[in-house]
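Structure first, then comments.
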Amino acid sequence: MEKERIEQLIQTGRDFMKFSKEQEECDFESDQMKHLPQPELCKEKVSDEIISLDKDFSKLKITKDFTSVLLDRKSDRVYTDEPISLLELSYLLFMCQGVKEIKGDHYATMRTVPSGGARHAFETYLIIRKVDGLKEGKYHYLPLTHELEYLGRIENMDQSIEDTLLGQNWAKKASVIFYFSFVPYRCEWRYGIHAHRPALIDAGHVGQNLYLSATALNLGGCALAAFDDDCCDKLFGLDGNEEFVVYAMPIGQIS
Ligand SMILES: Cc1cc2nc3c(=O)[nH]c(=O)nc-3n(C[C@H](O)[C@H](O)[C@H](O)COP(=O)(O)O)c2cc1C
C-alpha cells in the first residue's frame, strides 16, 4: 500500500478517537430528540432451545478478595483443555453483561458494567467447546432473562476458532470464546454523530469485567482485538453494519 494512503488511514483512526470541530459545533438532532421510537434494549431470541442460567453465585464459593483479583489479573493464553461448569459460565456472563435492573418502561438496563447513557449496545455470542452440561456449538446470551439460546452446531470448530481469531490457534483449547458485537443504532438513537467513541470505551469495561470475573474463578482469559471481522460476523449471522463483532475473549482452565 502507498505511504500516502497509509498516512490517510492512520489519520482516519486518529479522527475517530476525537470529536472534530464539525461534530462539536453542528446542530444535529438525535433520533431521540425527534421522538423516533427507541430501539430494543437487547436482541430478541431467535431459537427455541433456551438454557436457563443459575444466579446463585454463592455456590461458587469464591474466596479471592477484591485486591487479589485486581493484582492477579493477567492475560492467559495457555489452557488445560478442561471444561468449566455451567455456573461458572453463568457468572462470567452475568458479571460482564448481566442486567441488574430495567429502568422505566423498558427505557434502559442497569448492568454490572457502566455504559455511556446506559445504552449497553453490545450482544454476547459464544463458541462453547467445553462447558459441563452444554453441547458444543454457537450460543447467544439473553441478558434480560439471564438465559442462553443455542444457535447451532459449528461444522469445524477448531478451524472456525482459528479463522475468526486470525490464526491465534492457542484459543482452540479455551472452554468458551466470547465474541461481543456492537449494535450501533442503540447508541446513535441518542447520541447520533457522537455515539461511536464512547461505545468502544464501553467495550473496555466489558472486557475488564470478564478478565476480573475469570480471575476470581481462577480461570484464564485474554482480550482479543485481532480477529477477522467478516468471519466473526458470518459465523453469528450478523450483517456487518447494523451489528458487528468488536471484541473477543477466550476463557479456559489454567494450571
Ligand atoms: C483491547 C485489547 C486487545 C488485545 N488483543 C490481543 C490479541 O489480539 N492477541 C493477544 O494475544 N493479546 C491481545 N491482548 C492482550 C494484551 O497483549 C495484554 O493485555 C498485554 O500484553 C498486557 O498483559 P496483561 O493483560 O497480562 O497485563 C489485547 C488486550 C487488549 C486490552
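To be explicit about the labels: the chains of the C-alpha cells are called A, B, and onward in the order shown, and within each one the residues are counted from 1, while ligands get numbers from 1 in the order they are shown.
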Can you check which parts of chain A lie within 9 Å of ligand 1? Per residue, the shortest pair of atoms and distance in Å to one decimal, counting only C-alpha atoms and all ligand atoms, sorted by chain and number, as a Markdown table.
| residue | atom | partner | partner_atom_place_in_ligand_line | distance |
| --- | --- | --- | --- | --- |
| A:Arg73 | CA | ligand 1 | 27 (O) | 6.9 |
| A:Lys74 | CA | ligand 1 | 26 (O) | 3.5 |
| A:Ser75 | CA | ligand 1 | 26 (O) | 3.7 |
| A:Asp76 | CA | ligand 1 | 26 (O) | 6.9 |
| A:Arg77 | CA | ligand 1 | 11 (O) | 7.1 |
| A:Leu165 | CA | ligand 1 | 8 (O) | 7.7 |
| A:Leu166 | CA | ligand 1 | 8 (O) | 8.5 |
| A:Gln168 | CA | ligand 1 | 9 (N) | 7.3 |
| A:Ala203 | CA | ligand 1 | 1 (C) | 8.7 |
| A:Gly204 | CA | ligand 1 | 1 (C) | 6.9 |
| A:Gly207 | CA | ligand 1 | 31 (C) | 7.5 |
| A:Gln208 | CA | ligand 1 | 31 (C) | 8.0 |
| A:Tyr211 | CA | ligand 1 | 25 (O) | 8.7 |
| A:Gly221 | CA | ligand 1 | 25 (O) | 8.9 |
| A:Cys222 | CA | ligand 1 | 15 (C) | 5.6 |
| A:Ala223 | CA | ligand 1 | 28 (C) | 4.5 |
| A:Leu224 | CA | ligand 1 | 5 (N) | 3.5 |
| A:Ala225 | CA | ligand 1 | 5 (N) | 4.0 |
| A:Ala226 | CA | ligand 1 | 8 (O) | 3.7 |
| A:Phe227 | CA | ligand 1 | 8 (O) | 6.8 |
| A:Tyr247 | CA | ligand 1 | 1 (C) | 7.5 |
| A:Ala248 | CA | ligand 1 | 8 (O) | 8.4 |
| A:Met249 | CA | ligand 1 | 6 (C) | 8.8 |
Using DSSP on the backbone, list every residue of stretch 34-157 of chain A that comes out as strand (DSSP E or B), and give them as an mmCIF file with N, CA and C atoms, in the first residue's frame.
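What follows is the written file part18.cif:
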data_model
loop_
_atom_site.group_PDB
_atom_site.id
_atom_site.type_symbol
_atom_site.label_atom_id
_atom_site.label_comp_id
_atom_site.auth_asym_id
_atom_site.auth_seq_id
_atom_site.Cartn_x
_atom_site.Cartn_y
_atom_site.Cartn_z
ATOM 1 N N ILE A 50 -33.582 -22.990 24.654
ATOM 2 C CA ILE A 50 -33.187 -21.990 25.652
ATOM 3 C C ILE A 50 -32.618 -22.691 26.885
ATOM 4 N N ILE A 51 -31.545 -22.163 27.405
ATOM 5 C CA ILE A 51 -30.920 -22.739 28.607
ATOM 6 C C ILE A 51 -30.984 -21.682 29.713
ATOM 7 N N SER A 52 -31.695 -21.994 30.813
ATOM 8 C CA SER A 52 -31.748 -21.062 31.952
ATOM 9 C C SER A 52 -30.429 -21.119 32.702
ATOM 10 N N SER A 75 -3.255 -11.705 31.232
ATOM 11 C CA SER A 75 -3.712 -12.404 30.034
ATOM 12 C C SER A 75 -3.133 -13.804 30.009
ATOM 13 N N ILE A 84 -15.241 -25.932 31.963
ATOM 14 C CA ILE A 84 -15.674 -25.108 33.093
ATOM 15 C C ILE A 84 -17.124 -25.507 33.386
ATOM 16 N N VAL A 99 -27.935 -8.051 33.535
ATOM 17 C CA VAL A 99 -28.870 -6.948 33.812
ATOM 18 C C VAL A 99 -29.297 -7.011 35.281
ATOM 19 N N LYS A 100 -29.074 -5.909 35.991
ATOM 20 C CA LYS A 100 -29.454 -5.845 37.413
ATOM 21 C C LYS A 100 -30.838 -5.229 37.573
ATOM 22 N N GLU A 101 -31.201 -4.367 36.635
ATOM 23 C CA GLU A 101 -32.460 -3.628 36.767
ATOM 24 C C GLU A 101 -32.876 -3.083 35.405
ATOM 25 N N ILE A 102 -34.195 -3.030 35.182
ATOM 26 C CA ILE A 102 -34.693 -2.363 33.963
ATOM 27 C C ILE A 102 -35.348 -1.066 34.403
ATOM 28 N N LYS A 103 -34.910 0.034 33.819
ATOM 29 C CA LYS A 103 -35.424 1.350 34.224
ATOM 30 C C LYS A 103 -36.649 1.715 33.388
ATOM 31 N N ALA A 108 -34.141 1.631 29.803
ATOM 32 C CA ALA A 108 -32.698 1.350 29.879
ATOM 33 C C ALA A 108 -32.460 0.176 30.815
ATOM 34 N N THR A 109 -31.323 -0.499 30.611
ATOM 35 C CA THR A 109 -30.923 -1.546 31.553
ATOM 36 C C THR A 109 -29.768 -1.027 32.402
ATOM 37 N N MET A 110 -29.773 -1.407 33.662
ATOM 38 C CA MET A 110 -28.621 -1.138 34.524
ATOM 39 C C MET A 110 -27.904 -2.480 34.672
ATOM 40 N N ARG A 111 -26.619 -2.466 34.389
ATOM 41 C CA ARG A 111 -25.886 -3.735 34.321
ATOM 42 C C ARG A 111 -24.678 -3.744 35.243
ATOM 43 N N PHE A 122 -24.106 -3.750 23.286
ATOM 44 C CA PHE A 122 -23.423 -4.993 22.896
ATOM 45 C C PHE A 122 -24.345 -6.200 23.005
ATOM 46 N N GLU A 123 -24.054 -7.180 22.166
ATOM 47 C CA GLU A 123 -24.645 -8.512 22.284
ATOM 48 C C GLU A 123 -23.484 -9.483 22.511
ATOM 49 N N THR A 124 -23.763 -10.570 23.196
ATOM 50 C CA THR A 124 -22.711 -11.536 23.513
ATOM 51 C C THR A 124 -22.998 -12.862 22.821
ATOM 52 N N TYR A 125 -22.046 -13.289 22.013
ATOM 53 C CA TYR A 125 -22.131 -14.588 21.335
ATOM 54 C C TYR A 125 -21.002 -15.465 21.873
ATOM 55 N N LEU A 126 -21.228 -16.770 21.851
ATOM 56 C CA LEU A 126 -20.230 -17.692 22.404
ATOM 57 C C LEU A 126 -19.975 -18.847 21.448
ATOM 58 N N ILE A 127 -18.721 -19.245 21.369
ATOM 59 C CA ILE A 127 -18.428 -20.600 20.886
ATOM 60 C C ILE A 127 -18.181 -21.404 22.159
ATOM 61 N N ILE A 128 -19.007 -22.414 22.374
ATOM 62 C CA ILE A 128 -18.825 -23.274 23.546
ATOM 63 C C ILE A 128 -18.091 -24.534 23.098
ATOM 64 N N VAL A 131 -18.079 -26.869 28.221
ATOM 65 C CA VAL A 131 -18.788 -26.359 29.403
ATOM 66 C C VAL A 131 -19.687 -27.499 29.858
ATOM 67 N N GLY A 137 -21.045 -25.794 20.393
ATOM 68 C CA GLY A 137 -21.720 -25.040 19.336
ATOM 69 C C GLY A 137 -21.730 -23.550 19.581
ATOM 70 N N LYS A 138 -22.655 -22.890 18.839
ATOM 71 C CA LYS A 138 -22.785 -21.424 18.920
ATOM 72 C C LYS A 138 -23.952 -21.076 19.830
ATOM 73 N N TYR A 139 -23.772 -20.050 20.629
ATOM 74 C CA TYR A 139 -24.816 -19.611 21.555
ATOM 75 C C TYR A 139 -24.904 -18.089 21.554
ATOM 76 N N HIS A 140 -26.035 -17.587 22.033
ATOM 77 C CA HIS A 140 -26.247 -16.137 22.202
ATOM 78 C C HIS A 140 -26.816 -15.926 23.596
ATOM 79 N N TYR A 141 -26.297 -14.926 24.280
ATOM 80 C CA TYR A 141 -26.736 -14.622 25.656
ATOM 81 C C TYR A 141 -27.955 -13.698 25.624
ATOM 82 N N LEU A 142 -28.958 -14.036 26.460
ATOM 83 C CA LEU A 142 -30.169 -13.215 26.580
ATOM 84 C C LEU A 142 -30.115 -12.538 27.961
ATOM 85 N N GLU A 147 -30.449 -16.019 30.243
ATOM 86 C CA GLU A 147 -30.549 -17.328 29.588
ATOM 87 C C GLU A 147 -29.576 -17.345 28.406
ATOM 88 N N LEU A 148 -29.322 -18.557 27.942
ATOM 89 C CA LEU A 148 -28.578 -18.716 26.689
ATOM 90 C C LEU A 148 -29.520 -19.276 25.653
ATOM 91 N N GLU A 149 -29.329 -18.893 24.399
ATOM 92 C CA GLU A 149 -30.032 -19.610 23.336
ATOM 93 C C GLU A 149 -28.992 -20.309 22.474
ATOM 94 N N TYR A 150 -29.341 -21.534 22.105
ATOM 95 C CA TYR A 150 -28.445 -22.340 21.281
ATOM 96 C C TYR A 150 -28.675 -21.970 19.818
ATOM 97 N N LEU A 151 -27.601 -21.603 19.129
ATOM 98 C CA LEU A 151 -27.752 -21.156 17.731
ATOM 99 C C LEU A 151 -27.356 -22.224 16.716
ATOM 100 N N GLY A 152 -26.753 -23.306 17.178
ATOM 101 C CA GLY A 152 -26.471 -24.393 16.234
ATOM 102 C C GLY A 152 -25.050 -24.916 16.326
#
Looking at only C-alpha atoms, which of A:Glu4, A:Glu88, A:Glu242, A:Glu188 is the one that sits closest to A:Asp54?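 So, comparing all the options, the nearest one is A:Glu88.
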Length of the atom CA of A:Glu25 to atom CA of A:His194 vector [Å]: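 These two atoms are separated by 11.6 Å.
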Quick one: distance from atom CA of A:Thr164 to atom CA of A:Pro250 in Å, one decimal?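 Answer for the atom CA of A:Thr164 to atom CA of A:Pro250 separation: 11.8 Å.
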